[in-house]
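Notes to accompany the following structure.
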Amino acid sequence: MTDPRDPIRTAATSMGFDVCRFASASEPWSAGERLAHFVEAGRHGDMGWMETTLARRSHPTAMWDGARTAIVLGLNYGPGHDPLPEMADPGAGYISVYARGDDYHEVIKGRLKTLAGQVAARTGQDVKVFVDTAPLMEKPLAQRAGLGWQGKHTNLLSRDQGNWLFLGVILSAAEIAPDEAETEHCGSCTACLDVCPTQAFPAPFQLDARRCLSYLTIEFAGPWPVEFRTATGNRIYGCDDCLAVCPWNKFASQAHEVRVKAREALVSPRLADLAALDDKAFRALFSKSPVKRIGRDRFVRNVLYAIGNSGDADLIPSVERLLGDQAPVVRGAAVWALSRLAQVEDFARWRERALRGEQDPTVAEEWARLDWQTP
């Protein structure tokens with residue numbers, strides 16, 4: 001007798017997915033309780049949507065009570081090399097590996113819809129498609145389906161793909177036999193916890209997003225706490241440290257999907273060029289990229305923090321131009337970067353002039369707070 005999962009796997013492979021596995025979407029799990037503890041502790045930071053959708057996120061059936069089976073798809077985006085040495089160039093910005101190609105949501109969504117249509121036709125049951133855009137906890141489902149496990153860094157980790165795997169999910173009202181779940185294989189290794197530049201892991205398998213550079217560079221809209229500005233180094237969008245150091249990456253392979261491979265312009269871009277971006281140039285550079293969604297102002301804020309960490313006084317003109325930027329968050333970041341690069345006398349003159357004319361209280365506070373004892 002033919003396994004009803006086989007034609008679905010074959011179709012998924014033909015569409016470019018690297019893995020396709022099945023899990024129950026209706027059986028009880030503990031993931032919802034763990035998420036509730038995460039939110040109750042305030043570790044979600046400013047991501048208020050996690051709190052408002054908490055009940056719906058608690059279990060797949062809390063969002064769709066008809067869900068019976070989860071078909072979990074994985075697409076490899078492996079870089080084929082260790083990306084961390086790229087951070088050795090202080091004049092260049094570091095963009096997370098996942099964001100160097102086209103937005104994975106767009107790469108996967110169309111294929112998922114096509115596959116879901118085939119599943120619906122085969123089973124005669126309703127389906128719903130998810131690519132990290134709805135209150136569905138994909139990583140626990142992926143572990144239940146056997147794609148990998150949530151490592152000590154809380155990200156999905158695969159024995160075959162390492163850390164480099166995009167996820168998509170099809171929920172079906174059909175009852176389809178599940179695959180065997182994956183168990184945890186981190187052992188005594190703490191490489192991901194030890195490498196974190198901001199100590200964002202209060203314990204193994206726990207994350208405090210408020211300390212995470214991925215959260216700060218992408219989700220957080222305001223001026224950063226000062227302690228994290230120096231810790232970011234030249235990371236300007238996301239952070240790969242805990243992913244890249246994992247020993248399981250030795251089994252990972254380079255991505256075969258052209259659209260998720262890195263664009264040359266997004267590998268070690270020069271900070272001076274990025275600081276000069278206006279909104280139009282920002283949108284052009286990051287067309288079809290996930291970076292585009294954070295907007296020019298938040299991105300240039302990140303760039304200025306990296307410039308402040310560069311130690312390169314030749315970048316002062318790039319910073320000066322942004323002291324009068326229309327966005328307060330950019331002006332404030334420029335103040336901080338200038339305090340890190342300028343000579344004492346020059347900074348004092350800029351500060352005196354600014355405090356006489358600065359109207360935005362956040363930026364004025366930035367000027368007033370900074371001195372040469374506490375930059």
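Following the order of the structure tokens, first chain is A, next is B, and so on, with residues numbered from 1 inside each chain and ligands from 1 in the order they appear.
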
Using only C-alpha atoms, I'd like a table of the residues in region 86-203 of chain A that come within 7 Å of region 270-277 of chain A; for each, show the closest atom pair and its distance in Å rounded to one decimal, ordered by chain and ascending number, as CSV.
```
residue,atom,partner,partner_atom,distance
A:Gly91,CA,A:Leu271,CA,5.8
A:Ala92,CA,A:Arg270,CA,4.4
A:Gly93,CA,A:Leu271,CA,5.8
```

Q: Identify, on the basis of only C-alpha atoms, every residue whose closest approach to Thr69 (chain A) does not exceed 9 Å; exclude the query and any residue fewer than 6 positions from it along the same chain; express the result as a ChimeraX atom specification.
A: /A:22-26,170-178

The selected residues should be written to file as a compact mmCIF listing (two decimals), in the first residue's frame (atoms: C-alpha atoms).
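The file below, again_36.txt, is the result:
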```
# COMPACT_ATOMS: atom_id res chain seq x y z
CA PHE A 22 4.51 15.43 9.17
CA ALA A 23 3.31 16.01 12.72
CA SER A 24 0.09 15.98 14.66
CA ALA A 25 -1.37 19.47 14.96
CA SER A 26 -4.00 18.48 17.49
CA ILE A 170 0.74 23.68 5.95
CA LEU A 171 -2.01 22.87 8.42
CA SER A 172 -4.54 20.35 7.18
CA ALA A 173 -7.87 19.15 8.51
CA ALA A 174 -6.92 15.70 7.23
CA GLU A 175 -5.56 13.04 9.55
CA ILE A 176 -2.16 12.06 8.13
CA ALA A 177 0.23 9.73 9.94
CA PRO A 178 2.97 11.68 11.75
```

Q. Using only C-alpha atoms, which residue out of A:Leu136, A:Ala11, A:Ala364, A:Ala313 lies closest to Met63 (chain A)?
A. A:Leu136

Q. What lies within 10 Å of Phe201 (chain A) using only C-alpha atoms, ignoring chain neighbours under 3 positions off, as a ChimeraX atom specification?
A. /A:152-154,192-194,196,198,204-209,211-212

(Q) To test your reading of the structure, identify every residue in region 24-149 of chain A that backbone DSSP assigns to strand (DSSP E), and report it as JSON, numbers by chain. (A) {"A": [24, 69, 70, 71, 72, 73, 74, 75, 76, 94, 95, 127, 128, 129, 130, 149]}

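Of the listed residues A:Arg293, A:His59, A:His256, A:Arg301, the one whose atoms come nearest to Leu322 (chain A) is A:Arg301, with distances taken using only C-alpha atoms.
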
Q: Would you kindly return, as a list in words, each protein, DNA or RNA residue with an atom no farther than 9 Å from any atom of Arg296 (chain A), considering only C-alpha atoms and excluding same-chain residues fewer than 2 positions away?
A: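 Result of the neighbour search: Leu277, Asp278, Asp279, Lys280, Ala281, Phe282, Arg283, Lys292, Arg293, Ile294, Arg298, Phe299, Val300 and Arg301 of chain A.
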
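Note that CA of Ala142 (chain A) and CA of Ala31 (chain A) are 11.9 Å apart.
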
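With only C-alpha atoms taken into account, the protein and nucleic acid residues at most 7 Å from Ser289 (chain A) (excluding it and anything under 6 positions from it in its own chain) are Ala99, Gly101, Asp102 and Asp103 of chain A.
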
Q: Step one, run DSSP on the backbone; step two, keep only residues of region 190-318 of chain A assigned to helix (DSSP H, G or I); then write them as number ranges by chain.
A: A: 191-195, 209-211, 213-219, 226-231, 241-244, 247-251, 258-260, 264-266, 271-275, 279-285, 290-310, 313-318

Q: Tell me which of A:Pro361, A:Gly233, A:Pro223, A:Gly66 sits closest to Ala334 (chain A), counting only C-alpha atoms.
A: A:Pro223

Q.
Applying 12 Å and only C-alpha atoms, which residues near Phe228 (chain A) remain after dropping the ones on its own chain fewer than 4 positions away? List them as a ChimeraX atom specification.
A. /A:196-200,210-217,223-224,232-235,302,305-306,309

Pro140 (chain A) surroundings by only C-alpha atoms, 9 Å radius, close-in-sequence under 6 positions cut, as an mmCIF file with all heavy atoms, in the first residue's frame:
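What follows is the written file result28.cif:
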```cif
data_model
loop_
_atom_site.group_PDB
_atom_site.id
_atom_site.type_symbol
_atom_site.label_atom_id
_atom_site.label_comp_id
_atom_site.auth_asym_id
_atom_site.auth_seq_id
_atom_site.Cartn_x
_atom_site.Cartn_y
_atom_site.Cartn_z
ATOM 1 N N TRP A 29 0.734 19.786 23.776
ATOM 2 C CA TRP A 29 2.171 20.025 23.872
ATOM 3 C C TRP A 29 2.434 21.044 24.973
ATOM 4 O O TRP A 29 1.510 21.686 25.481
ATOM 5 C CB TRP A 29 2.772 20.449 22.544
ATOM 6 C CG TRP A 29 2.330 21.786 21.996
ATOM 7 C CD1 TRP A 29 1.456 22.685 22.559
ATOM 8 C CD2 TRP A 29 2.755 22.379 20.770
ATOM 9 N NE1 TRP A 29 1.310 23.789 21.764
ATOM 10 C CE2 TRP A 29 2.094 23.629 20.653
ATOM 11 C CE3 TRP A 29 3.628 21.987 19.763
ATOM 12 C CZ2 TRP A 29 2.289 24.476 19.562
ATOM 13 C CZ3 TRP A 29 3.819 22.836 18.690
ATOM 14 C CH2 TRP A 29 3.152 24.055 18.589
ATOM 15 N N ALA A 31 4.647 23.611 24.559
ATOM 16 C CA ALA A 31 5.226 24.826 23.978
ATOM 17 C C ALA A 31 4.439 26.066 24.367
ATOM 18 O O ALA A 31 5.014 27.144 24.581
ATOM 19 C CB ALA A 31 5.295 24.701 22.456
ATOM 20 N N TRP A 149 15.604 20.015 16.357
ATOM 21 C CA TRP A 149 15.193 20.295 17.726
ATOM 22 C C TRP A 149 15.547 21.737 18.066
ATOM 23 O O TRP A 149 16.400 22.354 17.413
ATOM 24 C CB TRP A 149 15.868 19.335 18.708
ATOM 25 C CG TRP A 149 17.347 19.547 18.873
ATOM 26 C CD1 TRP A 149 17.978 20.279 19.833
ATOM 27 C CD2 TRP A 149 18.393 19.033 18.031
ATOM 28 N NE1 TRP A 149 19.341 20.257 19.651
ATOM 29 C CE2 TRP A 149 19.630 19.492 18.552
ATOM 30 C CE3 TRP A 149 18.403 18.214 16.884
ATOM 31 C CZ2 TRP A 149 20.841 19.180 17.965
ATOM 32 C CZ3 TRP A 149 19.622 17.904 16.294
ATOM 33 C CH2 TRP A 149 20.822 18.383 16.836
ATOM 34 N N GLN A 150 14.888 22.293 19.063
ATOM 35 C CA GLN A 150 15.216 23.632 19.522
ATOM 36 C C GLN A 150 16.421 23.541 20.446
ATOM 37 O O GLN A 150 16.343 22.985 21.540
ATOM 38 C CB GLN A 150 14.019 24.280 20.224
ATOM 39 C CG GLN A 150 12.942 24.729 19.237
ATOM 40 C CD GLN A 150 11.858 25.544 19.895
ATOM 41 O OE1 GLN A 150 10.760 25.067 20.121
ATOM 42 N NE2 GLN A 150 12.160 26.808 20.186
ATOM 43 N N LEU A 156 15.855 26.430 15.857
ATOM 44 C CA LEU A 156 15.783 25.060 15.367
ATOM 45 C C LEU A 156 17.146 24.638 14.842
ATOM 46 O O LEU A 156 17.816 25.379 14.121
ATOM 47 C CB LEU A 156 14.741 24.922 14.260
ATOM 48 C CG LEU A 156 14.439 23.462 13.910
ATOM 49 C CD1 LEU A 156 13.542 22.823 14.958
ATOM 50 C CD2 LEU A 156 13.807 23.345 12.527
#
```

Q.
Rounded to one decimal, what separation in Å do you get between CA of Gly80 (chain A) and CA of Gln254 (chain A)?
A.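 Interatomic distance, CA of Gly80 (chain A) to CA of Gln254 (chain A): 4.1 Å.
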
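For the atom pair formed by CA of Val129 (chain A) and CA of Pro28 (chain A), the distance is 20.9 Å, given to one decimal.
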